[in-house]
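Everything below belongs to structure.pdb, which stores PDB, C-alpha atoms.
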```pdb
ATOM      1  CA  MET A   5       0.000   0.000   0.000
ATOM      2  CA  SER A   6       1.357   3.436  -0.894
ATOM      3  CA  LEU A   7      -0.215   6.491   0.705
ATOM      4  CA  LYS A   8       1.095   8.793  -2.004
ATOM      5  CA  TYR A   9      -1.430   7.328  -4.448
ATOM      6  CA  PHE A  10      -4.484   8.077  -2.313
ATOM      7  CA  ASP A  11      -6.811  10.449  -4.103
ATOM      8  CA  THR A  12      -8.668  12.932  -1.923
ATOM      9  CA  LYS A  13     -11.780  12.344  -4.036
ATOM     10  CA  GLN A  14     -11.634   8.647  -3.101
ATOM     11  CA  LEU A  15     -11.366   9.471   0.600
ATOM     12  CA  GLU A  16     -14.229  11.975   0.421
ATOM     13  CA  ALA A  17     -16.417   9.430  -1.359
ATOM     14  CA  PHE A  18     -15.601   6.743   1.217
ATOM     15  CA  SER A  19     -16.291   9.115   4.122
ATOM     16  CA  ALA A  20     -19.636  10.115   2.624
ATOM     17  CA  VAL A  21     -20.693   6.505   2.027
ATOM     18  CA  VAL A  22     -19.868   5.456   5.603
ATOM     19  CA  SER A  23     -21.543   8.536   7.068
ATOM     20  CA  ILE A  24     -24.720   8.284   4.994
ATOM     21  CA  GLY A  25     -24.918   4.528   4.496
ATOM     22  CA  SER A  26     -25.572   4.343   0.771
ATOM     23  CA  MET A  27     -23.896   5.063  -2.536
ATOM     24  CA  THR A  28     -26.933   7.020  -3.734
ATOM     25  CA  GLY A  29     -27.015   9.234  -0.671
ATOM     26  CA  ALA A  30     -23.276   9.826  -0.806
ATOM     27  CA  ALA A  31     -23.487  10.754  -4.487
ATOM     28  CA  ARG A  32     -26.242  13.249  -3.735
ATOM     29  CA  ALA A  33     -24.346  14.745  -0.792
ATOM     30  CA  ILE A  34     -21.109  15.447  -2.643
ATOM     31  CA  GLY A  35     -22.598  16.227  -6.045
ATOM     32  CA  ARG A  36     -21.401  13.237  -8.037
ATOM     33  CA  SER A  37     -23.131  10.410  -9.867
ATOM     34  CA  GLN A  38     -23.561   7.025  -8.211
ATOM     35  CA  PRO A  39     -21.338   5.234 -10.790
ATOM     36  CA  VAL A  40     -18.551   7.709 -10.035
ATOM     37  CA  ILE A  41     -18.869   7.076  -6.280
ATOM     38  CA  THR A  42     -18.832   3.321  -6.867
ATOM     39  CA  ARG A  43     -15.701   3.548  -8.997
ATOM     40  CA  LEU A  44     -13.911   5.786  -6.496
ATOM     41  CA  ILE A  45     -14.609   3.298  -3.688
ATOM     42  CA  GLN A  46     -13.485   0.353  -5.828
ATOM     43  CA  ASP A  47     -10.253   2.160  -6.722
ATOM     44  CA  LEU A  48      -9.643   2.978  -3.053
ATOM     45  CA  GLU A  49     -10.197  -0.655  -2.018
ATOM     46  CA  ALA A  50      -7.743  -1.767  -4.717
ATOM     47  CA  GLU A  51      -5.217   0.726  -3.379
ATOM     48  CA  VAL A  52      -5.491  -0.195   0.327
ATOM     49  CA  GLY A  53      -5.639  -3.902  -0.417
ATOM     50  CA  PHE A  54      -8.690  -4.860   1.661
ATOM     51  CA  ALA A  55     -12.469  -4.553   1.521
ATOM     52  CA  LEU A  56     -13.780  -1.344   3.032
ATOM     53  CA  LEU A  57     -17.504  -2.045   2.683
ATOM     54  CA  HIS A  58     -19.968  -4.888   3.030
ATOM     55  CA  ARG A  59     -22.405  -4.789   0.097
ATOM     56  CA  SER A  60     -25.838  -6.374   0.174
ATOM     57  CA  GLY A  61     -27.916  -4.848  -2.597
ATOM     58  CA  PRO A  62     -28.602  -1.213  -1.702
ATOM     59  CA  ARG A  63     -27.517  -1.818   1.903
ATOM     60  CA  ILE A  64     -23.920  -0.897   2.642
ATOM     61  CA  SER A  65     -21.955  -1.042   5.876
ATOM     62  CA  PRO A  66     -18.239  -0.706   6.648
ATOM     63  CA  THR A  67     -16.122  -3.766   7.340
ATOM     64  CA  ALA A  68     -14.103  -3.914  10.575
ATOM     65  CA  GLN A  69     -11.046  -2.814   8.612
ATOM     66  CA  GLY A  70     -13.143  -0.155   6.916
ATOM     67  CA  LEU A  71     -14.189   1.308  10.269
ATOM     68  CA  ALA A  72     -10.580   1.501  11.449
ATOM     69  CA  PHE A  73      -9.572   3.128   8.166
ATOM     70  CA  TYR A  74     -12.527   5.537   8.380
ATOM     71  CA  GLU A  75     -11.209   7.000  11.657
ATOM     72  CA  GLN A  76      -7.925   7.882   9.976
ATOM     73  CA  VAL A  77      -9.672   9.251   6.903
ATOM     74  CA  GLU A  78     -11.759  11.589   9.065
ATOM     75  CA  VAL A  79      -8.662  12.927  10.796
ATOM     76  CA  PHE A  80      -7.022  13.529   7.412
ATOM     77  CA  LEU A  81     -10.069  15.219   5.862
ATOM     78  CA  SER A  82     -10.555  17.355   8.958
ATOM     79  CA  GLY A  83      -6.981  18.522   8.550
ATOM     80  CA  LEU A  84      -7.647  19.457   4.918
ATOM     81  CA  ARG A  85     -10.716  21.446   5.967
ATOM     82  CA  ALA A  86      -8.631  23.248   8.579
ATOM     83  CA  ILE A  87      -6.037  24.140   5.939
ATOM     84  CA  ALA A  88      -8.769  25.441   3.626
ATOM     85  CA  ASP A  89     -10.279  27.574   6.405
ATOM     86  CA  LYS A  90      -6.894  29.040   7.294
ATOM     87  CA  ALA A  91      -6.056  29.734   3.667
ATOM     88  CA  GLU A  92      -9.322  31.634   3.309
ATOM     89  CA  ALA A  93      -8.619  33.589   6.486
ATOM     90  CA  ILE A  94      -5.120  34.494   5.248
ATOM     91  CA  GLU A  95      -6.518  35.619   1.882
ATOM     92  CA  THR A  96      -9.140  37.866   3.486
ATOM     93  CA  ALA A  97      -6.908  38.991   6.389
ATOM     94  CA  ALA A  98      -9.493  37.574   8.800
ATOM     95  CA  PRO A  99      -8.518  36.096  12.188
ATOM     96  CA  LEU A 100      -7.358  32.506  11.764
ATOM     97  CA  PRO A 101      -9.814  29.812  12.897
ATOM     98  CA  MET A 102      -8.804  27.616  15.826
ATOM     99  CA  GLN A 103      -8.733  23.818  15.759
ATOM    100  CA  ILE A 104      -9.069  21.967  19.066
ATOM    101  CA  ALA A 105      -8.831  18.185  19.293
ATOM    102  CA  ALA A 106      -9.937  16.515  22.535
ATOM    103  CA  VAL A 107     -10.846  13.114  23.893
ATOM    104  CA  PRO A 108     -14.637  12.842  24.369
ATOM    105  CA  ALA A 109     -14.459  13.040  28.179
ATOM    106  CA  LEU A 110     -12.799  16.467  27.996
ATOM    107  CA  ALA A 111     -14.578  17.674  24.856
ATOM    108  CA  SER A 112     -17.911  17.294  26.666
ATOM    109  CA  SER A 113     -16.923  18.677  30.074
ATOM    110  CA  LEU A 114     -13.841  20.774  30.754
ATOM    111  CA  LEU A 115     -13.568  22.296  27.269
ATOM    112  CA  PRO A 116     -17.124  23.754  27.157
ATOM    113  CA  SER A 117     -16.756  25.086  30.719
ATOM    114  CA  THR A 118     -13.483  26.718  29.759
ATOM    115  CA  LEU A 119     -14.783  28.349  26.592
ATOM    116  CA  ALA A 120     -17.876  29.616  28.421
ATOM    117  CA  GLY A 121     -15.661  31.521  30.840
ATOM    118  CA  ILE A 122     -13.601  33.293  28.173
ATOM    119  CA  SER A 123     -14.641  36.627  26.704
ATOM    120  CA  PRO A 124     -15.807  36.188  23.084
ATOM    121  CA  ALA A 125     -13.433  38.996  22.145
ATOM    122  CA  LEU A 126     -10.497  36.744  23.060
ATOM    123  CA  LEU A 127     -11.592  33.911  20.763
ATOM    124  CA  PRO A 128     -11.437  33.701  16.958
ATOM    125  CA  GLN A 129     -14.673  33.848  15.011
ATOM    126  CA  LYS A 130     -14.354  30.176  14.079
ATOM    127  CA  VAL A 131     -13.482  27.456  16.570
ATOM    128  CA  HIS A 132     -13.539  23.847  15.321
ATOM    129  CA  ILE A 133     -13.699  21.098  17.937
ATOM    130  CA  GLN A 134     -12.969  17.447  17.191
ATOM    131  CA  SER A 135     -13.992  14.822  19.745
ATOM    132  CA  ILE A 136     -11.677  11.928  18.890
ATOM    133  CA  SER A 137      -9.528   9.215  20.449
ATOM    134  CA  ALA A 138      -6.372  10.150  22.345
ATOM    135  CA  GLU A 139      -4.228   8.592  19.628
ATOM    136  CA  ASN A 140      -5.872  10.787  17.011
ATOM    137  CA  VAL A 141      -5.587  13.881  19.226
ATOM    138  CA  VAL A 142      -1.821  13.395  19.339
ATOM    139  CA  GLN A 143      -1.704  12.719  15.611
ATOM    140  CA  ALA A 144      -3.633  15.909  14.838
ATOM    141  CA  VAL A 145      -1.403  18.026  17.085
ATOM    142  CA  VAL A 146       1.834  16.598  15.668
ATOM    143  CA  ALA A 147       0.524  17.092  12.113
ATOM    144  CA  ARG A 148      -0.414  20.658  13.118
ATOM    145  CA  THR A 149      -3.989  20.268  11.962
ATOM    146  CA  ALA A 150      -4.988  20.974  15.583
ATOM    147  CA  ASP A 151      -3.745  24.083  17.392
ATOM    148  CA  LEU A 152      -4.468  22.578  20.797
ATOM    149  CA  GLY A 153      -4.998  19.047  22.076
ATOM    150  CA  LEU A 154      -6.461  17.457  25.196
ATOM    151  CA  ALA A 155      -5.267  13.873  25.387
ATOM    152  CA  SER A 156      -5.429  11.153  28.018
ATOM    153  CA  TRP A 157      -2.392   9.168  29.098
ATOM    154  CA  PRO A 158      -0.188   7.368  28.303
ATOM    155  CA  LEU A 159       1.372  10.207  26.360
ATOM    156  CA  ASP A 160       4.931   9.832  25.091
ATOM    157  CA  ASN A 161       5.498  11.589  21.801
ATOM    158  CA  PRO A 162       8.518  13.826  21.125
ATOM    159  CA  GLY A 163       6.424  15.927  18.751
ATOM    160  CA  VAL A 164       4.172  17.378  21.471
ATOM    161  CA  GLU A 165       4.763  19.943  24.175
ATOM    162  CA  ILE A 166       2.944  19.274  27.443
ATOM    163  CA  HIS A 167       1.729  22.507  29.055
ATOM    164  CA  TRP A 168       0.159  20.910  32.101
ATOM    165  CA  GLN A 169      -1.185  17.559  33.083
ATOM    166  CA  ALA A 170      -3.795  16.511  35.591
ATOM    167  CA  GLU A 171      -5.137  13.521  37.429
ATOM    168  CA  VAL A 172      -8.486  12.684  38.997
ATOM    169  CA  ALA A 173      -9.809   9.476  40.536
ATOM    170  CA  CYS A 174     -12.285   7.305  38.675
ATOM    171  CA  LYS A 175     -15.654   6.604  40.252
ATOM    172  CA  ALA A 176     -18.334   3.953  40.177
ATOM    173  CA  VAL A 177     -21.698   4.662  38.577
ATOM    174  CA  VAL A 178     -24.774   2.551  39.355
ATOM    175  CA  ALA A 179     -28.517   2.778  38.828
ATOM    176  CA  VAL A 180     -30.287   4.826  41.509
ATOM    177  CA  ASP A 181     -31.988   1.720  42.909
ATOM    178  CA  HIS A 182     -28.872  -0.470  42.818
ATOM    179  CA  PRO A 183     -28.000  -1.999  46.225
ATOM    180  CA  LEU A 184     -24.718  -0.042  46.276
ATOM    181  CA  ALA A 185     -26.242   3.317  45.294
ATOM    182  CA  GLY A 186     -26.487   4.484  48.893
ATOM    183  CA  ARG A 187     -22.932   3.596  49.897
ATOM    184  CA  PRO A 188     -20.554   6.443  50.853
ATOM    185  CA  VAL A 189     -17.832   4.508  49.006
ATOM    186  CA  ILE A 190     -17.634   1.212  47.155
ATOM    187  CA  THR A 191     -14.933  -1.183  48.330
ATOM    188  CA  PRO A 192     -13.108  -3.905  46.400
ATOM    189  CA  ALA A 193     -15.072  -6.550  48.334
ATOM    190  CA  GLU A 194     -18.327  -5.057  47.061
ATOM    191  CA  LEU A 195     -17.144  -5.278  43.456
ATOM    192  CA  LYS A 196     -16.234  -8.963  43.622
ATOM    193  CA  GLY A 197     -18.609 -11.157  41.681
ATOM    194  CA  GLN A 198     -20.346  -8.160  40.086
ATOM    195  CA  ARG A 199     -20.675  -7.396  36.398
ATOM    196  CA  LEU A 200     -18.387  -4.479  35.629
ATOM    197  CA  ILE A 201     -18.687  -1.959  32.805
ATOM    198  CA  VAL A 202     -15.297  -0.620  31.761
ATOM    199  CA  ALA A 203     -13.379   1.162  29.008
ATOM    200  CA  ALA A 204     -12.470  -0.928  25.988
ATOM    201  CA  ASN A 205      -9.038   0.418  24.956
ATOM    202  CA  PRO A 206      -6.559  -1.907  26.706
ATOM    203  CA  TYR A 207      -3.716   0.613  26.545
ATOM    204  CA  ARG A 208      -5.305   3.585  28.300
ATOM    205  CA  LEU A 209      -7.845   3.818  31.138
ATOM    206  CA  ARG A 210      -8.625   0.100  30.891
ATOM    207  CA  MET A 211      -5.013  -0.641  31.826
ATOM    208  CA  GLN A 212      -5.354   1.453  35.011
ATOM    209  CA  ILE A 213      -8.628  -0.260  35.882
ATOM    210  CA  GLU A 214      -7.240  -3.758  35.372
ATOM    211  CA  GLU A 215      -4.130  -3.019  37.451
ATOM    212  CA  ALA A 216      -6.181  -1.581  40.330
ATOM    213  CA  LEU A 217      -8.660  -4.474  40.323
ATOM    214  CA  ALA A 218      -5.861  -7.020  40.274
ATOM    215  CA  ALA A 219      -4.052  -5.269  43.141
ATOM    216  CA  ASN A 220      -7.233  -5.481  45.211
ATOM    217  CA  ASP A 221      -8.036  -9.089  44.255
ATOM    218  CA  VAL A 222     -11.245  -8.111  42.468
ATOM    219  CA  VAL A 223     -12.516 -10.724  40.046
ATOM    220  CA  ALA A 224     -15.636  -9.663  38.159
ATOM    221  CA  ASN A 225     -18.478 -12.043  37.429
ATOM    222  CA  SER A 226     -18.538 -10.690  33.866
ATOM    223  CA  VAL A 227     -17.465  -7.605  31.942
ATOM    224  CA  ILE A 228     -19.032  -5.261  29.406
ATOM    225  CA  ASP A 229     -16.547  -2.946  27.726
ATOM    226  CA  CYS A 230     -17.232  -0.023  25.422
ATOM    227  CA  ASN A 231     -15.323   2.839  23.857
ATOM    228  CA  ALA A 232     -17.312   5.774  25.277
ATOM    229  CA  THR A 233     -18.087   6.761  28.870
ATOM    230  CA  TYR A 234     -21.589   7.957  28.062
ATOM    231  CA  VAL A 235     -22.365   4.446  26.811
ATOM    232  CA  SER A 236     -21.077   3.014  30.102
ATOM    233  CA  LEU A 237     -23.384   5.391  31.972
ATOM    234  CA  SER A 238     -26.396   4.309  29.929
ATOM    235  CA  LEU A 239     -25.572   0.645  30.534
ATOM    236  CA  ALA A 240     -25.326   1.282  34.281
ATOM    237  CA  ARG A 241     -28.674   3.088  34.258
ATOM    238  CA  GLN A 242     -30.240  -0.032  32.758
ATOM    239  CA  LYS A 243     -28.855  -2.084  35.685
ATOM    240  CA  LEU A 244     -26.473  -4.018  33.461
ATOM    241  CA  GLY A 245     -23.608  -3.628  35.904
ATOM    242  CA  ILE A 246     -21.370  -1.254  37.828
ATOM    243  CA  ALA A 247     -19.592   1.234  35.573
ATOM    244  CA  ILE A 248     -16.068   2.294  36.508
ATOM    245  CA  VAL A 249     -15.516   5.577  34.694
ATOM    246  CA  GLU A 250     -13.590   8.827  34.679
ATOM    247  CA  PRO A 251     -15.769  11.475  36.386
ATOM    248  CA  LEU A 252     -15.459  14.182  33.735
ATOM    249  CA  THR A 253     -18.156  12.877  31.402
ATOM    250  CA  VAL A 254     -20.516  12.632  34.368
ATOM    251  CA  MET A 255     -19.743  16.282  35.113
ATOM    252  CA  GLY A 256     -20.286  17.444  31.542
ATOM    253  CA  LEU A 257     -23.208  15.183  30.617
ATOM    254  CA  PRO A 258     -25.179  14.535  33.816
ATOM    255  CA  LEU A 259     -27.564  11.613  33.429
ATOM    256  CA  GLN A 260     -30.752  11.001  35.377
ATOM    257  CA  GLY A 261     -31.333   7.582  36.879
ATOM    258  CA  VAL A 262     -27.766   6.939  38.026
ATOM    259  CA  ARG A 263     -25.759   7.541  41.164
ATOM    260  CA  THR A 264     -22.035   8.308  41.264
ATOM    261  CA  VAL A 265     -20.189   6.696  44.168
ATOM    262  CA  PRO A 266     -16.493   7.135  45.049
ATOM    263  CA  LEU A 267     -14.252   4.074  45.150
ATOM    264  CA  SER A 268     -12.289   3.261  48.304
ATOM    265  CA  PHE A 269      -9.195   2.598  46.190
ATOM    266  CA  ASP A 270      -7.517   4.739  43.560
ATOM    267  CA  ILE A 271      -7.889   4.348  39.796
ATOM    268  CA  PRO A 272      -6.318   7.458  38.227
ATOM    269  CA  PHE A 273      -7.526   9.102  35.037
ATOM    270  CA  ARG A 274      -4.761  11.323  33.661
ATOM    271  CA  TRP A 275      -4.709  13.806  30.832
ATOM    272  CA  SER A 276      -2.557  16.574  29.369
ATOM    273  CA  VAL A 277      -2.968  19.791  27.431
ATOM    274  CA  ILE A 278      -0.639  19.689  24.445
ATOM    275  CA  THR A 279       0.529  21.637  21.410
ATOM    276  CA  ALA A 280       3.071  20.871  18.695
ATOM    277  CA  VAL A 281       6.714  21.284  19.680
ATOM    278  CA  GLY A 282       8.180  24.522  18.349
ATOM    279  CA  ARG A 283       4.856  25.933  17.242
ATOM    280  CA  PRO A 284       4.293  29.573  18.265
ATOM    281  CA  LEU A 285       1.092  29.902  20.265
ATOM    282  CA  SER A 286      -1.551  32.458  19.394
ATOM    283  CA  ALA A 287      -2.919  34.679  22.138
ATOM    284  CA  SER A 288      -6.216  32.757  21.956
ATOM    285  CA  VAL A 289      -4.529  29.383  22.458
ATOM    286  CA  GLU A 290      -2.488  30.696  25.388
ATOM    287  CA  THR A 291      -5.656  32.130  26.937
ATOM    288  CA  ILE A 292      -7.445  28.777  26.653
ATOM    289  CA  ILE A 293      -4.497  26.849  28.110
ATOM    290  CA  HIS A 294      -4.306  29.042  31.206
ATOM    291  CA  HIS A 295      -8.047  29.457  31.679
ATOM    292  CA  MET A 296      -8.603  25.721  31.288
ATOM    293  CA  ARG A 297      -6.139  25.036  34.082
ATOM    294  CA  ASP A 298      -7.951  27.485  36.372
ATOM    295  CA  THR A 299     -11.337  26.009  35.416
ATOM    296  CA  ALA A 300     -10.130  22.478  36.095
ATOM    297  CA  VAL A 301      -8.839  23.410  39.544
ATOM    298  CA  SER A 302     -12.080  25.167  40.507
ATOM    299  CA  ASP A 303     -14.592  22.741  38.955
ATOM    300  CA  ILE A 304     -13.124  19.250  39.342
ATOM    301  CA  GLU A 305     -13.208  17.812  42.833
ATOM    302  CA  GLY A 306     -10.061  15.959  43.877
ATOM    303  CA  LEU A 307      -8.016  17.205  40.928
ATOM    304  CA  THR A 308      -4.228  17.013  41.103
ATOM    305  CA  LEU A 309      -2.001  19.026  38.792
ATOM    306  CA  SER A 310       0.923  16.658  38.599
ATOM    307  CA  PHE A 311       3.058  18.865  36.345
ATOM    308  CA  SER A 312       2.857  22.481  35.305
ATOM    309  CA  GLN A 313       5.179  24.024  32.771
ATOM    310  CA  ASN A 314       3.433  27.354  32.238
TER     311      ASN A 314
END
```

Written as structure tokens, that's how I'd like the structure from this file.
Amino acid sequence: MSLKYFDTKQLEAFSAVVSIGSMTGAARAIGRSQPVITRLIQDLEAEVGFALLHRSGPRISPTAQGLAFYEQVEVFLSGLRAIADKAEAIETAAPLPMQIAAVPALASSLLPSTLAGISPALLPQKVHIQSISAENVVQAVVARTADLGLASWPLDNPGVEIHWQAEVACKAVVAVDHPLAGRPVITPAELKGQRLIVAANPYRLRMQIEEALAANDVVANSVIDCNATYVSLSLARQKLGIAIVEPLTVMGLPLQGVRTVPLSFDIPFRWSVITAVGRPLSASVETIIHHMRDTAVSDIEGLTLSFSQN
């Protein structure tokens, strides 16, 4: 596979088909004929060397490999849109738009609280926010398609500058009528034999959860894992288990029908505010970095700033 042969038209067609779910709809959305969309997808599949789509008559869905590829395509296309916006701003001498990439937990909680506390005069007219995985946040910052990133740990990339990093303890979330809903804390003994709802990515928060459970001899009866905290919260509300989650999504997207209970042992959720190494920071980016730190300290209970460079 050779990336240099990828045609942007192919990637746009593929993105539209996955987003809309049909060749006809994708053709209509991007102003091309259906045969052209079909050919672009076929050429892209020949280039990558694997099937991107399942086809069953008019019904189309991405393959597992197609879904993984789609995430990267969206990051790439978002970067192209950012370049186009900035080129337009340069041409018209308008203030440059700002691109912020953040993991969902921070994109839905700390970031909105931060922006709400900043004077509109200190922000550009256009602010684009991407809620994406930590890996893609780092990729966007290093590629300089994002001016600012909020990424969870682990974070070890020489292309990023860490401005400050923070830690907060995970909590348990249960349905309001769950037997443990009224507890002041939930202990390891109370988790044993329960069904647990946890993060899916084995290299990030899931790793912290597994290490803490093992250290406290907690063996779950069964496990449901998912890639988004708000899904874990919904599963807990339906009494499908005890969710162990970072508390930021709960703060930003409060959900009725659940109760948040502290754990008696520590499972840290860590994140950092990052920019590209050597990239001059605009006044707006610097304002957000500093204001976000102040907002985090005032709004997030039990927060620890484990490193501060600015």

- Query: List as a VMD selection string: which residues have an atom within 6 Å of (-12.8, 29.6, 13.7), counting only C-alpha atoms?
  - Reply: chain A and resid 101 to 102 128 to 131

Residues near Val235 of chain A, cut-off 12 Å, all atoms listed in the file, skip fewer than 2 positions along chain, as a compact mmCIF listing (two decimals) with C-alpha atoms, in the frame of the given file:
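Generated file (part.txt):
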```
# COMPACT_ATOMS: atom_id res chain seq x y z
CA PRO A 108 -14.64 12.84 24.37
CA ALA A 109 -14.46 13.04 28.18
CA VAL A 177 -21.70 4.66 38.58
CA ILE A 201 -18.69 -1.96 32.80
CA VAL A 202 -15.30 -0.62 31.76
CA ALA A 203 -13.38 1.16 29.01
CA ALA A 204 -12.47 -0.93 25.99
CA ILE A 228 -19.03 -5.26 29.41
CA ASP A 229 -16.55 -2.95 27.73
CA CYS A 230 -17.23 -0.02 25.42
CA ASN A 231 -15.32 2.84 23.86
CA ALA A 232 -17.31 5.77 25.28
CA THR A 233 -18.09 6.76 28.87
CA LEU A 237 -23.38 5.39 31.97
CA SER A 238 -26.40 4.31 29.93
CA LEU A 239 -25.57 0.64 30.53
CA ALA A 240 -25.33 1.28 34.28
CA ARG A 241 -28.67 3.09 34.26
CA GLN A 242 -30.24 -0.03 32.76
CA LEU A 244 -26.47 -4.02 33.46
CA ALA A 247 -19.59 1.23 35.57
CA ILE A 248 -16.07 2.29 36.51
CA VAL A 249 -15.52 5.58 34.69
CA THR A 253 -18.16 12.88 31.40
CA VAL A 254 -20.52 12.63 34.37
CA LEU A 257 -23.21 15.18 30.62
CA LEU A 259 -27.56 11.61 33.43
```

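Counting all atoms listed in the file and comparing A:Tyr207, A:Trp168, A:Tyr234, A:Phe73, the residue that lies closest to Gly53 of chain A is A:Phe73.
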
- Please indicate the distance in Å from atom CA of Gly186 of chain A to atom CA of Val262 of chain A, rounded to one decimal place.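 Between atom CA of Gly186 of chain A and atom CA of Val262 of chain A the gap is 11.2 Å.
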
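Among the candidates A:Ala105, A:Val164, A:Leu127, A:Ala218, the one nearest to Ile278 of chain A when counting all atoms listed in the file is A:Val164.
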